[in-house]
file run16.cif (mmCIF, C-alpha atoms)
data_coords
#
loop_
_atom_site.label_atom_id
_atom_site.label_comp_id
_atom_site.auth_asym_id
_atom_site.auth_seq_id
_atom_site.Cartn_x
_atom_site.Cartn_y
_atom_site.Cartn_z
CA MET L 1 57.84 -77.42 137.51
CA ARG L 2 55.61 -75.95 140.23
CA LEU L 3 56.26 -72.60 141.85
CA VAL L 4 54.75 -70.74 144.79
CA THR L 5 54.91 -67.35 146.41
CA PHE L 6 54.97 -67.47 150.18
CA GLU L 7 55.28 -65.07 153.11
CA ARG L 8 58.35 -64.98 155.33
CA ALA L 9 59.27 -62.70 158.21
CA ASP L 10 61.18 -60.48 155.78
CA GLY L 11 58.40 -60.36 153.18
CA LEU L 12 57.25 -62.32 150.12
CA ALA L 13 59.51 -64.82 148.39
CA GLY L 14 59.27 -67.29 145.53
CA GLY L 15 60.25 -70.92 145.50
CA PHE L 16 59.97 -74.34 143.93
CA LEU L 17 57.28 -76.68 145.21
CA ARG L 18 58.78 -80.13 145.78
CA GLY L 19 56.00 -82.31 147.13
CA GLU L 20 55.00 -80.52 150.33
CA GLU L 21 58.36 -78.76 150.58
CA ILE L 22 59.30 -75.34 149.25
CA VAL L 23 62.86 -74.66 148.11
CA PRO L 24 63.23 -70.86 148.20
CA PHE L 25 64.79 -69.25 145.14
CA GLY L 26 67.14 -67.41 147.47
CA ALA L 27 68.66 -70.67 148.70
CA LEU L 28 69.76 -71.33 145.11
CA GLY L 29 71.07 -67.85 144.39
CA GLY L 30 67.96 -67.17 142.33
CA PRO L 31 65.63 -64.17 142.04
CA GLY L 32 63.30 -62.95 144.75
CA SER L 33 59.96 -63.39 143.02
CA VAL L 34 58.17 -65.74 140.63
CA ARG L 35 57.78 -62.92 138.11
CA GLU L 36 61.54 -62.31 138.14
CA PHE L 37 62.14 -66.04 137.79
CA ILE L 38 59.86 -66.20 134.74
CA ALA L 39 61.52 -63.14 133.20
CA ALA L 40 65.00 -64.66 133.65
CA GLY L 41 64.56 -66.78 130.51
CA SER L 42 64.30 -70.50 129.85
CA ALA L 43 68.00 -71.35 130.26
CA ARG L 44 68.22 -69.75 133.71
CA ARG L 45 64.88 -71.27 134.73
CA ASP L 46 66.08 -74.75 133.76
CA GLU L 47 69.35 -74.23 135.64
CA LEU L 48 67.55 -73.26 138.83
CA ALA L 49 65.02 -76.07 138.48
CA ALA L 50 67.84 -78.62 138.22
CA ALA L 51 69.49 -77.13 141.30
CA ALA L 52 66.20 -77.29 143.23
CA ALA L 53 65.76 -80.98 142.39
CA GLU L 54 69.16 -81.76 143.95
CA TYR L 55 68.97 -79.27 146.84
CA GLU L 56 69.47 -80.83 150.28
CA GLY L 57 69.56 -77.72 152.46
CA GLU L 58 66.94 -76.07 154.65
CA VAL L 59 63.39 -75.93 153.27
CA VAL L 60 59.98 -74.83 154.49
CA THR L 61 56.77 -76.82 154.18
CA VAL L 62 53.51 -75.63 152.69
CA ASP L 63 51.66 -75.88 156.01
CA GLU L 64 54.24 -73.64 157.70
CA VAL L 65 53.69 -70.64 155.47
CA ARG L 66 50.98 -68.39 154.09
CA LEU L 67 50.69 -68.61 150.30
CA GLY L 68 50.16 -65.59 148.12
CA PRO L 69 49.04 -65.49 144.49
CA PRO L 70 51.74 -67.28 142.46
CA VAL L 71 52.66 -64.01 140.73
CA THR L 72 52.13 -61.08 143.08
CA ASP L 73 53.48 -58.24 140.94
CA PRO L 74 52.32 -58.64 137.33
CA GLU L 75 52.26 -55.59 135.11
CA LYS L 76 48.81 -56.62 133.86
CA ILE L 77 45.96 -58.89 134.93
CA LEU L 78 43.54 -59.07 132.01
CA CYS L 79 40.26 -60.98 132.43
CA ILE L 80 38.05 -62.39 129.68
CA GLY L 81 34.25 -62.37 129.92
CA VAL L 82 31.63 -64.69 128.38
CA ASN L 83 34.08 -67.18 126.85
CA TYR L 84 32.33 -70.55 127.17
CA ALA L 85 29.88 -71.41 124.39
CA ASN L 86 26.85 -71.90 126.63
CA ARG L 87 27.64 -68.83 128.74
CA ASN L 88 26.35 -66.47 126.08
CA ALA L 89 23.00 -68.28 126.13
CA GLU L 90 22.99 -68.02 129.93
CA TYR L 91 22.46 -64.25 129.61
CA LYS L 92 19.12 -64.90 127.84
CA ASP L 93 19.39 -61.67 125.84
CA GLY L 94 18.97 -63.24 122.39
CA THR L 95 22.37 -62.13 121.12
CA GLU L 96 24.61 -64.20 118.86
CA GLN L 97 27.99 -65.53 119.91
CA PRO L 98 30.44 -62.62 120.22
CA LYS L 99 32.86 -61.90 117.38
CA TYR L 100 35.50 -60.50 119.74
CA ALA L 101 36.46 -61.27 123.31
CA SER L 102 35.10 -59.09 126.12
CA MET L 103 37.75 -58.08 128.62
CA PHE L 104 38.61 -55.93 131.62
CA PHE L 105 41.57 -55.37 133.93
CA ARG L 106 41.92 -56.29 137.60
CA THR L 107 44.37 -55.06 140.21
CA PRO L 108 46.75 -57.39 142.08
CA GLY L 109 45.19 -56.29 145.38
CA SER L 110 41.82 -57.74 144.36
CA PHE L 111 43.30 -61.25 144.68
CA VAL L 112 44.54 -63.33 147.60
CA GLY L 113 46.36 -66.65 147.56
CA HIS L 114 45.30 -70.23 148.17
CA GLY L 115 43.95 -70.79 151.67
CA GLN L 116 43.43 -67.10 152.39
CA SER L 117 40.08 -65.45 153.07
CA LEU L 118 37.87 -63.93 150.41
CA ILE L 119 36.33 -60.76 151.80
CA ARG L 120 32.64 -59.95 151.38
CA PRO L 121 32.57 -56.11 151.54
CA LYS L 122 30.43 -54.05 153.87
CA VAL L 123 28.63 -52.32 150.99
CA SER L 124 27.14 -55.42 149.35
CA PRO L 125 26.10 -59.02 150.09
CA GLN L 126 26.44 -59.96 146.41
CA LEU L 127 29.86 -61.65 146.42
CA ASP L 128 29.90 -64.21 143.60
CA TYR L 129 32.40 -66.86 142.46
CA GLU L 130 33.78 -67.51 138.96
CA GLY L 131 36.15 -70.43 138.49
CA GLU L 132 38.69 -69.84 135.71
CA ILE L 133 41.99 -70.97 134.23
CA ALA L 134 44.71 -68.32 134.11
CA LEU L 135 47.67 -68.13 131.73
CA VAL L 136 50.98 -66.71 132.96
CA ILE L 137 53.02 -65.04 130.22
CA GLY L 138 56.66 -66.04 129.93
CA ARG L 139 57.93 -64.10 126.95
CA GLU L 140 57.22 -60.55 125.81
CA GLY L 141 55.08 -60.25 122.71
CA LYS L 142 53.20 -57.81 120.49
CA HIS L 143 51.21 -58.81 117.40
CA ILE L 144 51.65 -62.47 118.32
CA ALA L 145 50.61 -64.91 115.59
CA LYS L 146 47.98 -67.38 116.72
CA GLU L 147 50.17 -70.27 115.53
CA ARG L 148 52.99 -69.23 117.89
CA ALA L 149 50.89 -67.87 120.74
CA MET L 150 51.39 -70.71 123.22
CA ASP L 151 55.17 -70.26 122.96
CA HIS L 152 54.61 -67.10 125.02
CA VAL L 153 52.90 -68.94 127.89
CA ALA L 154 55.20 -69.86 130.78
CA GLY L 155 52.55 -71.69 132.75
CA TYR L 156 49.12 -71.90 134.30
CA THR L 157 47.31 -71.24 137.54
CA LEU L 158 43.68 -71.09 138.70
CA CYS L 159 41.50 -68.11 139.51
CA ASN L 160 38.38 -67.44 141.50
CA GLU L 161 37.41 -64.25 139.70
CA GLY L 162 35.24 -63.03 142.58
CA THR L 163 32.71 -60.36 141.66
CA ILE L 164 30.48 -57.96 143.57
CA ARG L 165 27.50 -58.22 141.25
CA ASP L 166 25.52 -55.09 142.05
CA TRP L 167 28.68 -52.99 141.71
CA VAL L 168 29.22 -54.34 138.18
CA ARG L 169 26.14 -52.26 137.26
CA HIS L 170 27.12 -49.00 138.97
CA ALA L 171 28.12 -47.41 135.67
CA LYS L 172 26.59 -47.60 132.21
CA PHE L 173 29.31 -49.44 130.33
CA ASN L 174 32.08 -50.72 132.62
CA VAL L 175 32.42 -53.50 135.20
CA THR L 176 35.64 -52.28 136.84
CA GLN L 177 34.21 -51.44 140.25
CA GLY L 178 32.54 -54.81 140.83
CA LYS L 179 35.62 -56.68 139.66
CA ASN L 180 38.22 -54.97 141.85
CA PHE L 181 37.13 -55.02 145.49
CA ASP L 182 40.11 -55.80 147.71
CA ALA L 183 40.59 -59.54 148.36
CA SER L 184 37.39 -60.46 146.51
CA GLY L 185 39.08 -63.11 144.36
CA SER L 186 42.00 -65.51 144.47
CA LEU L 187 44.82 -66.97 142.37
CA GLY L 188 46.66 -70.23 142.96
CA PRO L 189 47.35 -72.64 144.46
CA TYR L 190 50.61 -72.47 142.52
CA PHE L 191 52.15 -71.93 139.10
CA VAL L 192 52.40 -75.02 136.88
CA SER L 193 54.90 -74.73 134.03
CA ALA L 194 53.60 -75.06 130.48
CA ASP L 195 55.62 -78.20 129.76
CA GLU L 196 53.43 -80.13 132.23
CA ILE L 197 50.23 -79.47 130.28
CA ASP L 198 49.30 -80.50 126.74
CA PRO L 199 47.54 -77.45 125.21
CA ALA L 200 45.80 -79.70 122.68
CA LYS L 201 44.03 -81.66 125.43
CA PRO L 202 40.90 -80.06 126.95
CA LEU L 203 41.22 -79.03 130.59
CA HIS L 204 38.32 -79.96 132.89
CA LEU L 205 37.34 -77.10 135.22
CA THR L 206 35.00 -77.44 138.19
CA THR L 207 33.86 -75.04 140.90
CA LYS L 208 32.41 -76.28 144.17
CA VAL L 209 30.79 -74.31 146.97
CA ASN L 210 30.68 -76.20 150.27
CA GLY L 211 31.23 -79.41 148.32
CA GLU L 212 28.39 -78.80 145.84
CA THR L 213 29.43 -78.65 142.20
CA ARG L 214 28.25 -75.37 140.69
CA GLN L 215 30.40 -75.12 137.54
CA ASP L 216 31.58 -78.03 135.36
CA ASP L 217 32.97 -77.62 131.84
CA THR L 218 36.06 -78.09 129.69
CA THR L 219 38.16 -75.80 127.55
CA ALA L 220 36.86 -77.68 124.50
CA ASN L 221 33.88 -75.33 124.81
CA LEU L 222 35.80 -72.07 124.77
CA ILE L 223 34.54 -69.52 122.25
CA PHE L 224 38.02 -67.99 122.03
CA THR L 225 40.91 -70.41 122.57
CA PHE L 226 43.98 -69.46 124.56
CA SER L 227 45.81 -68.81 121.27
CA ASP L 228 42.93 -66.69 119.98
CA LEU L 229 43.07 -64.56 123.11
CA LEU L 230 46.81 -63.92 122.99
CA ALA L 231 46.70 -63.01 119.30
CA TYR L 232 43.81 -60.59 119.87
CA ILE L 233 45.14 -58.99 123.05
CA THR L 234 48.54 -58.29 121.54
CA ILE L 235 47.00 -56.26 118.76
CA PHE L 236 46.57 -53.44 121.30
CA THR L 237 48.99 -54.15 124.15
CA THR L 238 52.39 -55.75 124.68
CA LEU L 239 52.34 -58.75 126.97
CA LYS L 240 55.23 -58.97 129.44
CA PRO L 241 56.66 -61.84 131.50
CA GLY L 242 54.48 -62.40 134.55
CA ASP L 243 51.34 -60.91 133.01
CA ILE L 244 48.20 -62.94 133.76
CA ILE L 245 45.33 -63.67 131.38
CA VAL L 246 42.21 -65.02 133.12
CA THR L 247 40.40 -66.89 130.39
CA GLY L 248 36.69 -66.95 131.29
CA THR L 249 34.24 -68.87 133.47
CA PRO L 250 31.67 -71.59 132.64
CA VAL L 251 27.95 -71.40 133.37
CA GLY L 252 26.81 -71.76 136.97
CA ALA L 253 27.90 -68.60 138.76
CA GLY L 254 25.72 -67.69 141.72
CA ALA L 255 24.09 -64.78 139.91
CA ARG L 256 22.50 -67.16 137.38
CA PHE L 257 20.42 -69.10 139.92
CA ASP L 258 16.84 -68.09 140.72
CA PRO L 259 17.05 -66.76 143.33
CA PRO L 260 20.77 -65.87 143.14
CA ARG L 261 23.08 -67.81 145.45
CA TRP L 262 25.60 -65.31 146.81
CA LEU L 263 28.60 -66.35 148.87
CA LYS L 264 28.31 -65.79 152.62
CA PRO L 265 30.75 -65.94 155.54
CA GLY L 266 31.89 -69.50 156.23
CA ASP L 267 31.37 -70.72 152.66
CA GLU L 268 34.27 -72.60 151.10
CA VAL L 269 34.93 -72.30 147.36
CA GLU L 270 37.10 -74.81 145.48
CA ILE L 271 38.27 -74.30 141.89
CA SER L 272 39.85 -77.43 140.39
CA VAL L 273 41.62 -78.59 137.24
CA PRO L 274 43.36 -81.96 137.70
CA GLU L 275 46.52 -80.89 135.83
CA ILE L 276 46.83 -77.68 137.87
CA GLY L 277 45.42 -78.42 141.33
CA THR L 278 42.71 -77.06 143.61
CA LEU L 279 42.38 -73.44 144.68
CA ARG L 280 40.52 -73.26 147.98
CA ASN L 281 39.28 -70.22 149.95
CA ARG L 282 36.76 -69.43 152.67
CA VAL L 283 34.59 -66.31 152.83
CA VAL L 284 34.65 -63.78 155.66
CA ASP L 285 32.96 -60.42 156.17
CA GLU L 286 34.92 -57.19 155.93
CA ASN L 287 35.84 -55.85 159.36
#
call {"tool": "encode", "arguments": {"input": "run16.cif", "output": "structure tokens"}}
result
Amino acid sequence: MRLVTFERADGLAGGFLRGEEIVPFGALGGPGSVREFIAAGSARRDELAAAAAEYEGEVVTVDEVRLGPPVTDPEKILCIGVNYANRNAEYKDGTEQPKYASMFFRTPGSFVGHGQSLIRPKVSPQLDYEGEIALVIGREGKHIAKERAMDHVAGYTLCNEGTIRDWVRHAKFNVTQGKNFDASGSLGPYFVSADEIDPAKPLHLTTKVNGETRQDDTTANLIFTFSDLLAYITIFTTLKPGDIIVTGTPVGAGARFDPPRWLKPGDEVEISVPEIGTLRNRVVDEN
């Protein structure tokens, strides 16, 4: 099952992706948004998916619409830092592998959808890319056991966790400012349901800038697995349907080159995982 959020004249709507066609939820008597669809429960989701497969009415095509992030209204977007084994060494600070996951929150407005422009802000040229896999929560949970953690995942999407590097260092201890500039990152291209992906099989993640591979790794090298993350996060917060967990980026971000290789207007960034798709965005300057 693949889902998208798309813009219509009357606002955002969710729908099933069927090849290049989108069957809007509304045409099936379903909910308005992907988050509401996820929260409806597995029986209702299966019912609507079956109806979408047989639907013969009016549809829209992907090239006719503007895509938004697959889930536009999550309660929480929680991002994980330094989560690939060789990323810790990339910092060259002599520290051991972390015992606990580093994390921070992002706002929905800091992300755009597939095909939309990433904005390099007026205040800084240091827009950087970070290709990541994102989990979309399907079932509420607190104190989730690691052994049952993946039961709470409804599906997957991709993330370019765009960062304004010099603004990450504006304060002594937090990174919030540099991680939350409007339209500095992206999510998409769509939501892929969990039943399409084998969680035991490593996912191969690549990031390309203008066709050049900059990041290339697999989830076999995660320090904290997806299950580890959900178990740890739910010690302190309750995960809700539609929440997004962005699970970390491999080595090769622009900041780690010498000299750094910041994104500039006209650059195209592609984040790919074969089982999920390719998230593609171009960079523009803030007006």
call {"tool": "residues_near_point", "arguments": {"input": "run16.cif", "point": "(50.6, -70.8, 143.7)", "cutoff": "12 Å", "atoms": "all atoms listed in the file", "output": "JSON, numbers by chain"}}
result
{"L": [1, 2, 3, 4, 5, 6, 7, 13, 14, 15, 16, 17, 22, 33, 34, 62, 66, 67, 68, 69, 70, 71, 72, 112, 113, 114, 115, 116, 134, 136, 155, 156, 157, 158, 159, 186, 187, 188, 189, 190, 191, 192, 193, 276, 277, 278, 279, 280]}
call {"tool": "closest_residue", "arguments": {"input": "run16.cif", "among": "L:Asp166, L:Glu56, L:Asp217, L:Asp285", "to": "Glu132 of chain L", "atoms": "all atoms listed in the file"}}
result
L:Asp217
call {"tool": "resolve_selection", "arguments": {"input": "run16.cif", "expression": "the PyMOL selection byres ((chain L and resi 93-108) around 6)", "output": "list in words"}}
result
Ile77, Leu78, Cys79, Ile80, Gly81, Tyr91, Lys92, Gly109, Ser110, Phe111 and Asn180 of chain L
call {"tool": "residues_near_point", "arguments": {"input": "run16.cif", "point": "(24.5, -67.3, 145.0)", "cutoff": "10 Å", "atoms": "only C-alpha atoms", "output": "ChimeraX atom specification"}}
result
/L:125-129,209,214,252-264
call {"tool": "closest_residue", "arguments": {"input": "run16.cif", "among": "L:Phe37, L:Phe173, L:Phe25, L:Tyr84", "to": "Asp216 of chain L", "atoms": "only C-alpha atoms"}}
result
L:Tyr84
call {"tool": "residues_around", "arguments": {"input": "run16.cif", "residues": "Asn221 of chain L", "least_positions_apart": "3", "cutoff": "10 Å", "atoms": "all atoms listed in the file", "output": "ChimeraX atom specification"}}
result
/L:83-87,202,217-218,224-225,250
call {"tool": "closest_residue", "arguments": {"input": "run16.cif", "among": "L:Asn287, L:Thr61, L:Ser227, L:Asn174", "to": "Val123 of chain L", "atoms": "all atoms listed in the file"}}
result
L:Asn287
call {"tool": "residues_around", "arguments": {"input": "run16.cif", "residues": "segment 137-141 of chain L", "least_positions_apart": "3", "cutoff": "7 Å", "atoms": "only C-alpha atoms", "output": "list in words"}}
result
Ile38, Ala39, Ile144, His152, Val153, Ala154, Thr234, Thr238, Leu239, Lys240, Pro241, Gly242, Asp243 and Ile244 of chain L
call {"tool": "resolve_selection", "arguments": {"input": "run16.cif", "expression": "the PyMOL selection byres ((chain L and resi 212) around 12)", "output": "list of chain:residue names"}}
result
L:Thr206, L:Thr207, L:Lys208, L:Val209, L:Asn210, L:Gly211, L:Thr213, L:Arg214, L:Gln215, L:Asp216, L:Gly252, L:Asp267, L:Glu268, L:Val269, L:Glu270, L:Ile271
call {"tool": "closest_residue", "arguments": {"input": "run16.cif", "among": "L:His143, L:Gly162, L:Pro265, L:Asp73", "to": "Ile235 of chain L", "atoms": "all atoms listed in the file"}}
result
L:His143
call {"tool": "residues_around", "arguments": {"input": "run16.cif", "residues": "Ala51 of chain L", "least_positions_apart": "2", "cutoff": "10 Å", "atoms": "all atoms listed in the file", "output": "PDB file with C-alpha atoms, in the coordinates of the input"}}
result
ATOM      1  CA  VAL L  23      62.860 -74.660 148.110  1.00  0.00           C
ATOM      2  CA  PHE L  25      64.790 -69.250 145.140  1.00  0.00           C
ATOM      3  CA  ALA L  27      68.660 -70.670 148.700  1.00  0.00           C
ATOM      4  CA  LEU L  28      69.760 -71.330 145.110  1.00  0.00           C
ATOM      5  CA  GLY L  29      71.070 -67.850 144.390  1.00  0.00           C
ATOM      6  CA  ARG L  45      64.880 -71.270 134.730  1.00  0.00           C
ATOM      7  CA  ASP L  46      66.080 -74.750 133.760  1.00  0.00           C
ATOM      8  CA  GLU L  47      69.350 -74.230 135.640  1.00  0.00           C
ATOM      9  CA  LEU L  48      67.550 -73.260 138.830  1.00  0.00           C
ATOM     10  CA  ALA L  49      65.020 -76.070 138.480  1.00  0.00           C
ATOM     11  CA  ALA L  53      65.760 -80.980 142.390  1.00  0.00           C
ATOM     12  CA  GLU L  54      69.160 -81.760 143.950  1.00  0.00           C
ATOM     13  CA  TYR L  55      68.970 -79.270 146.840  1.00  0.00           C
ATOM     14  CA  GLU L  56      69.470 -80.830 150.280  1.00  0.00           C
TER      15      GLU L  56
END
call {"tool": "atom_distance", "arguments": {"input": "run16.cif", "atom1": "atom CA of Gly41 of chain L", "atom2": "atom CA of Asp151 of chain L"}}
result
12.5 Å
call {"tool": "closest_residue", "arguments": {"input": "run16.cif", "among": "L:Leu203, L:Ala50, L:Val65, L:Ala231", "to": "Thr219 of chain L", "atoms": "only C-alpha atoms"}}
result
L:Leu203
call {"tool": "atom_distance", "arguments": {"input": "run16.cif", "atom1": "atom CA of Ser184 of chain L", "atom2": "atom CA of Ile119 of chain L"}}
result
5.4 Å
call {"tool": "atom_distance", "arguments": {"input": "run16.cif", "atom1": "atom CA of Gly11 of chain L", "atom2": "atom CA of Glu161 of chain L"}}
result
25.2 Å
call {"tool": "closest_residue", "arguments": {"input": "run16.cif", "among": "L:Pro24, L:Arg44, L:Gly19, L:Asp10", "to": "Val59 of chain L", "atoms": "all atoms listed in the file"}}
result
L:Pro24
call {"tool": "build_atoms", "arguments": {"input": "run16.cif", "residues": "segment 56-66 of chain L", "atoms": "all heavy atoms", "output": "CSV table (one decimal), in the coordinates of the input"}}
result
chain,number,residue,atom,x,y,z
L,56,GLU,N,69.6,-80.1,149.0
L,56,GLU,CA,69.5,-80.8,150.3
L,56,GLU,C,69.6,-79.9,151.5
L,56,GLU,O,69.7,-80.5,152.6
L,56,GLU,CB,70.5,-81.9,150.3
L,56,GLU,CG,70.4,-83.0,149.2
L,56,GLU,CD,71.5,-84.1,149.3
L,56,GLU,OE1,72.4,-83.9,150.2
L,56,GLU,OE2,71.4,-85.0,148.5
L,57,GLY,N,69.5,-78.6,151.3
L,57,GLY,CA,69.6,-77.7,152.5
L,57,GLY,C,68.2,-77.5,153.1
L,57,GLY,O,67.3,-78.3,153.0
L,58,GLU,N,68.1,-76.4,153.9
L,58,GLU,CA,66.9,-76.1,154.6
L,58,GLU,C,65.8,-75.7,153.7
L,58,GLU,O,65.9,-75.0,152.8
L,58,GLU,CB,67.2,-74.9,155.6
L,58,GLU,CG,66.1,-74.6,156.5
L,58,GLU,CD,66.5,-73.5,157.5
L,58,GLU,OE1,67.7,-73.1,157.6
L,58,GLU,OE2,65.6,-73.1,158.3
L,59,VAL,N,64.6,-76.2,154.0
L,59,VAL,CA,63.4,-75.9,153.3
L,59,VAL,C,62.3,-75.5,154.2
L,59,VAL,O,62.4,-75.7,155.5
L,59,VAL,CB,62.9,-77.1,152.4
L,59,VAL,CG1,64.0,-77.5,151.4
L,59,VAL,CG2,62.6,-78.3,153.3
L,60,VAL,N,61.2,-75.0,153.7
L,60,VAL,CA,60.0,-74.8,154.5
L,60,VAL,C,58.9,-75.7,153.9
L,60,VAL,O,59.0,-76.2,152.8
L,60,VAL,CB,59.5,-73.4,154.5
L,60,VAL,CG1,60.6,-72.5,155.2
L,60,VAL,CG2,59.3,-72.9,153.1
L,61,THR,N,57.9,-76.0,154.7
L,61,THR,CA,56.8,-76.8,154.2
L,61,THR,C,55.6,-75.9,153.9
L,61,THR,O,55.4,-74.8,154.5
L,61,THR,CB,56.4,-77.9,155.2
L,61,THR,OG1,56.0,-77.4,156.4
L,61,THR,CG2,57.6,-78.9,155.4
L,62,VAL,N,54.7,-76.4,153.1
L,62,VAL,CA,53.5,-75.6,152.7
L,62,VAL,C,52.7,-75.3,153.9
L,62,VAL,O,52.1,-74.1,154.0
L,62,VAL,CB,52.7,-76.4,151.7
L,62,VAL,CG1,51.3,-75.7,151.4
L,62,VAL,CG2,53.4,-76.6,150.4
L,63,ASP,N,52.5,-76.2,154.9
L,63,ASP,CA,51.7,-75.9,156.0
L,63,ASP,C,52.3,-74.9,157.0
L,63,ASP,O,51.7,-74.5,158.0
L,63,ASP,CB,51.2,-77.2,156.7
L,63,ASP,CG,52.3,-78.0,157.2
L,63,ASP,OD1,53.5,-77.6,157.1
L,63,ASP,OD2,52.0,-79.1,157.7
L,64,GLU,N,53.6,-74.6,156.8
L,64,GLU,CA,54.2,-73.6,157.7
L,64,GLU,C,54.1,-72.2,157.2
L,64,GLU,O,54.5,-71.3,158.0
L,64,GLU,CB,55.7,-74.0,157.8
L,64,GLU,CG,56.0,-75.3,158.5
L,64,GLU,CD,57.5,-75.6,158.5
L,64,GLU,OE1,58.2,-75.2,157.5
L,64,GLU,OE2,58.0,-76.3,159.4
L,65,VAL,N,53.7,-72.0,156.0
L,65,VAL,CA,53.7,-70.6,155.5
L,65,VAL,C,52.3,-70.2,154.9
L,65,VAL,O,51.4,-71.1,154.8
L,65,VAL,CB,54.7,-70.5,154.3
L,65,VAL,CG1,56.1,-70.8,154.8
L,65,VAL,CG2,54.3,-71.5,153.2
L,66,ARG,N,52.2,-69.0,154.7
L,66,ARG,CA,51.0,-68.4,154.1
L,66,ARG,C,51.3,-68.2,152.6
L,66,ARG,O,52.3,-67.5,152.3
L,66,ARG,CB,50.7,-67.1,154.8
L,66,ARG,CG,49.5,-66.3,154.2
L,66,ARG,CD,49.4,-65.0,155.0
L,66,ARG,NE,48.4,-64.1,154.4
L,66,ARG,CZ,47.2,-63.8,154.9
L,66,ARG,NH1,46.8,-64.5,156.0
L,66,ARG,NH2,46.4,-63.0,154.3
